[in-house]
$ cat protein_13.txt   # compact mmCIF, C-alpha atoms
# COMPACT_ATOMS: atom_id res chain seq x y z
CA MET A 1 71.21 -55.22 -32.86
CA ALA A 2 70.51 -52.55 -30.26
CA LEU A 3 73.16 -51.23 -27.94
CA TRP A 4 70.71 -50.84 -25.08
CA LYS A 5 67.63 -52.66 -23.97
CA GLU A 6 64.30 -50.81 -24.27
CA THR A 7 62.16 -51.38 -21.21
CA GLN A 8 59.18 -49.25 -22.23
CA SER A 9 57.56 -48.59 -25.52
CA ARG A 10 57.91 -45.07 -26.84
CA ARG A 11 54.18 -44.44 -26.39
CA GLU A 12 54.27 -45.39 -22.69
CA ALA A 13 57.33 -43.19 -22.09
CA GLU A 14 55.68 -40.03 -23.50
CA PRO A 15 52.32 -39.46 -21.80
CA PHE A 16 49.90 -37.02 -23.38
CA ALA A 17 50.27 -33.41 -22.31
CA ARG A 18 46.52 -33.16 -21.77
CA PRO A 19 43.66 -35.66 -21.71
CA VAL A 20 41.88 -36.23 -25.00
CA THR A 21 38.18 -35.46 -24.87
CA ALA A 22 35.57 -35.40 -27.59
CA PRO A 23 34.44 -31.93 -28.63
CA GLU A 24 31.11 -30.85 -27.23
CA SER A 25 28.44 -31.58 -29.82
CA PRO A 26 25.40 -29.35 -30.30
CA PHE A 27 23.38 -32.55 -30.81
CA GLN A 28 23.97 -33.70 -27.22
CA SER A 29 21.75 -30.97 -25.77
CA GLU A 30 18.23 -31.54 -24.55
CA PRO A 31 15.64 -32.29 -27.25
CA HIS A 32 13.86 -29.27 -28.69
CA ASP A 33 10.12 -28.96 -29.12
CA LEU A 34 8.52 -27.93 -32.43
CA ARG A 35 6.99 -24.65 -31.28
CA PRO A 36 8.13 -21.55 -33.21
CA VAL A 37 10.76 -19.52 -31.40
CA PRO A 38 10.34 -15.74 -31.71
CA GLY A 39 13.19 -13.70 -33.14
CA PRO A 40 16.10 -14.70 -35.36
CA HIS A 41 16.72 -17.99 -33.54
CA GLY A 42 13.50 -19.53 -34.93
CA GLU A 43 14.59 -19.41 -38.60
CA SER A 44 16.07 -22.18 -40.72
CA LEU A 45 18.09 -21.25 -43.81
CA LEU A 46 18.83 -22.97 -47.10
CA ALA A 47 21.81 -20.88 -48.20
CA ALA A 48 22.45 -19.51 -51.68
CA GLY A 49 24.43 -21.95 -53.78
CA MET A 50 22.82 -24.96 -52.06
CA SER A 51 20.50 -27.34 -53.89
CA ILE A 52 18.38 -29.79 -51.88
CA GLU A 53 15.65 -32.24 -52.77
CA GLY A 54 13.27 -33.57 -50.13
CA LYS A 55 10.62 -32.44 -47.66
CA ILE A 56 10.59 -29.63 -45.11
CA GLU A 57 8.07 -29.93 -42.26
CA GLY A 58 7.77 -28.34 -38.86
CA ALA A 59 7.23 -25.14 -36.94
CA GLY A 60 9.29 -22.00 -37.24
CA ASN A 61 10.35 -19.68 -40.02
CA VAL A 62 12.17 -20.94 -43.10
CA ARG A 63 14.26 -18.85 -45.52
CA ILE A 64 15.19 -20.33 -48.91
CA ALA A 65 18.07 -18.61 -50.71
CA GLY A 66 19.15 -21.64 -52.78
CA ARG A 67 17.22 -24.22 -54.79
CA PHE A 68 14.74 -26.64 -53.24
CA LYS A 69 12.75 -29.43 -54.91
CA GLY A 70 10.00 -31.03 -52.84
CA SER A 71 7.24 -30.05 -50.44
CA VAL A 72 7.43 -27.37 -47.76
CA HIS A 73 4.87 -27.49 -44.91
CA VAL A 74 5.66 -25.08 -42.07
CA ARG A 75 3.79 -23.41 -39.24
CA GLY A 76 5.48 -20.06 -39.62
CA GLU A 77 6.72 -17.77 -42.36
CA LEU A 78 8.37 -19.04 -45.54
CA THR A 79 10.63 -16.59 -47.38
CA ILE A 80 11.88 -17.31 -50.89
CA GLU A 81 14.75 -14.89 -51.55
CA PRO A 82 15.37 -13.25 -54.95
CA GLY A 83 17.35 -15.72 -57.06
CA ALA A 84 16.06 -18.73 -55.09
CA SER A 85 13.65 -21.35 -56.40
CA ILE A 86 11.20 -23.92 -55.10
CA ASN A 87 9.77 -26.67 -57.27
CA GLY A 88 6.96 -28.29 -55.30
CA GLU A 89 4.00 -27.72 -52.99
CA VAL A 90 4.18 -24.93 -50.41
CA LYS A 91 1.99 -24.67 -47.30
CA ALA A 92 2.76 -22.09 -44.60
CA ASP A 93 1.16 -19.48 -42.37
CA SER A 94 2.57 -16.73 -44.59
CA VAL A 95 4.76 -16.71 -47.70
CA LEU A 96 7.05 -13.99 -49.03
CA VAL A 97 8.00 -14.66 -52.66
CA GLY A 98 11.08 -12.92 -54.01
CA GLY A 99 12.30 -15.85 -56.14
CA GLU A 100 10.61 -18.49 -58.29
CA VAL A 101 7.96 -21.01 -57.26
CA GLN A 102 6.80 -23.81 -59.55
CA GLY A 103 3.96 -25.46 -57.68
CA ASN A 104 0.96 -24.60 -55.56
CA ILE A 105 1.04 -22.18 -52.62
CA VAL A 106 -1.45 -22.38 -49.74
CA ALA A 107 -1.06 -19.79 -46.97
CA ARG A 108 -3.24 -19.44 -43.89
CA SER A 109 -2.82 -15.69 -43.63
CA ARG A 110 -0.99 -13.92 -46.46
CA VAL A 111 1.19 -14.20 -49.55
CA GLU A 112 3.35 -11.30 -50.66
CA PHE A 113 5.10 -11.09 -54.04
CA GLN A 114 8.13 -8.85 -54.42
CA GLU A 115 8.91 -7.39 -57.85
CA SER A 116 11.36 -10.28 -58.50
CA GLY A 117 8.86 -12.98 -57.47
CA SER A 118 7.21 -15.42 -59.85
CA LEU A 119 4.71 -18.27 -59.58
CA VAL A 120 3.68 -21.01 -61.99
CA GLY A 121 0.96 -22.92 -60.14
CA ASP A 122 -2.11 -22.18 -58.04
CA LEU A 123 -2.40 -19.92 -55.03
CA LYS A 124 -4.81 -19.80 -52.11
CA ALA A 125 -4.35 -17.31 -49.28
CA GLY A 126 -6.18 -15.13 -46.79
CA SER A 127 -4.68 -12.01 -48.39
CA LEU A 128 -2.44 -11.30 -51.36
CA THR A 129 -0.01 -8.45 -52.05
CA VAL A 130 1.55 -8.23 -55.50
CA ALA A 131 4.37 -5.81 -56.38
CA ALA A 132 4.67 -4.36 -59.87
CA GLY A 133 7.04 -6.46 -61.94
CA SER A 134 6.20 -9.82 -60.35
CA LYS A 135 4.99 -12.66 -62.59
CA MET A 136 2.18 -15.13 -62.06
CA LYS A 137 0.61 -17.85 -64.16
CA ALA A 138 -1.91 -19.29 -61.73
CA LYS A 139 -5.43 -19.77 -60.51
CA VAL A 140 -5.64 -17.42 -57.52
CA GLU A 141 -8.05 -17.42 -54.56
CA PHE A 142 -7.72 -14.93 -51.72
CA GLY A 143 -9.88 -13.08 -49.25
CA TRP A 144 -12.29 -15.97 -48.73
CA LYS A 145 -12.59 -17.76 -45.43
CA GLU A 146 -12.72 -21.54 -45.59
CA GLY A 147 -16.21 -22.75 -46.48
CA GLU A 148 -17.48 -19.33 -47.72
CA VAL A 149 -17.57 -20.31 -51.39
CA ALA A 150 -20.35 -22.75 -52.30
CA GLY A 151 -19.00 -26.12 -53.42
CA GLU A 152 -15.53 -25.56 -51.91
CA PRO A 153 -14.12 -28.08 -49.45
CA GLU A 154 -13.91 -26.96 -45.80
CA SER A 155 -10.12 -27.21 -45.71
CA LEU A 156 -7.15 -28.14 -47.84
CA GLY A 157 -5.87 -31.19 -45.99
CA GLU A 158 -3.52 -33.91 -47.18
CA GLY A 159 -4.53 -35.40 -50.49
CA GLN A 160 -6.77 -32.48 -51.45
CA GLY A 161 -5.65 -29.94 -53.96
CA ARG A 162 -6.68 -28.23 -57.12

$ encode --input "protein_13.txt" --output "structure tokens"
Amino acid sequence: MALWKETQSRREAEPFARPVTAPESPFQSEPHDLRPVPGPHGESLLAAGMSIEGKIEGAGNVRIAGRFKGSVHVRGELTIEPGASINGEVKADSVLVGGEVQGNIVARSRVEFQESGSLVGDLKAGSLTVAAGSKMKAKVEFGWKEGEVAGEPESLGEGQGR
């Protein structure tokens, strides 16, 4: 039995010191287009220690420092850091390989292998730079423009490959 009569609930008697608002979300901004953004803001990163399986598509630069299994199709530069790995198909404007790739690489302009880079798969690029110490077990085509080699398809589109 209470000695006094409560007229208000405790919650009503103690109003909040400040209004509660939801934190501003970065996802509430205006939609972004898929054009590459120059400078460091146009790069996506898969950090070291991360392991992801799936598909990466779009425009902009991508840096892989962890492990990725799946296909990567980007209009921009793909960088595979030393210690990183990709298991799957790679298509990009240019590719810098410092880690391991198991799968095919197709680059519109260039592919560059650092001394820690390795490839098991096929490679097709406009130009190729290979550092001493890198490893490659692949069929390699570079320096040819599309359609220059007799019997070659005009382009490597979806569904075409080796």

$ atom_distance --input "protein_13.txt" --atom1 "atom CA of A:Arg75" --atom2 "atom CA of A:Glu115"
25.1 Å

$ residues_near_point --input "protein_13.txt" --point "(12.3, -11.3, -54.4)" --cutoff "9 Å" --atoms "only C-alpha atoms" --output "VMD selection string"
chain A and resid 79 to 84 96 to 100 113 to 118 134

$ closest_residue --input "protein_13.txt" --among "A:Ala92, A:Val101, A:Ala138, A:Val120" --to "A:Asn61" --atoms "all atoms listed in the file"
A:Ala92

$ axis_aligned_box --input "protein_13.txt" --around "stretch 58-64 of chain A" --padding-each-side "5 Å" --output "lines of an AutoDock Vina configuration file"
center_x = 11.2
center_y = -23.6
center_z = -42.9
size_x = 18.0
size_y = 19.5
size_z = 22.0

$ residues_around --input "protein_13.txt" --residues "A:His73" --least-positions-apart "5" --cutoff "8 Å" --atoms "all atoms listed in the file" --output "PyMOL selection string"
chain A and resi 56-58+90-92

$ residues_around --input "protein_13.txt" --residues "A:Gly66" --least-positions-apart "5" --cutoff "8 Å" --atoms "all atoms listed in the file" --output "tab-separated table (two decimals) with C-alpha atoms, in the frame of the given file"
chain	number	residue	atom	x	y	z
A	46	LEU	CA	18.83	-22.97	-47.10
A	47	ALA	CA	21.81	-20.88	-48.20
A	48	ALA	CA	22.45	-19.51	-51.68
A	49	GLY	CA	24.43	-21.95	-53.78
A	50	MET	CA	22.82	-24.96	-52.06
A	51	SER	CA	20.50	-27.34	-53.89
A	83	GLY	CA	17.35	-15.72	-57.06
A	84	ALA	CA	16.06	-18.73	-55.09
A	85	SER	CA	13.65	-21.35	-56.40

$ closest_residue --input "protein_13.txt" --among "A:Val95, A:Leu119, A:Ala107, A:Val62" --to "A:Lys135" --atoms "all atoms listed in the file"
A:Leu119

$ atom_distance --input "protein_13.txt" --atom1 "atom CA of A:Ser127" --atom2 "atom CA of A:Arg67"
25.9 Å

$ closest_residue --input "protein_13.txt" --among "A:Gly103, A:Gly143, A:Gly42, A:Gly126" --to "A:Ser71" --atoms "only C-alpha atoms"
A:Gly103

$ atom_distance --input "protein_13.txt" --atom1 "atom CA of A:Arg63" --atom2 "atom CA of A:Trp144"
26.9 Å
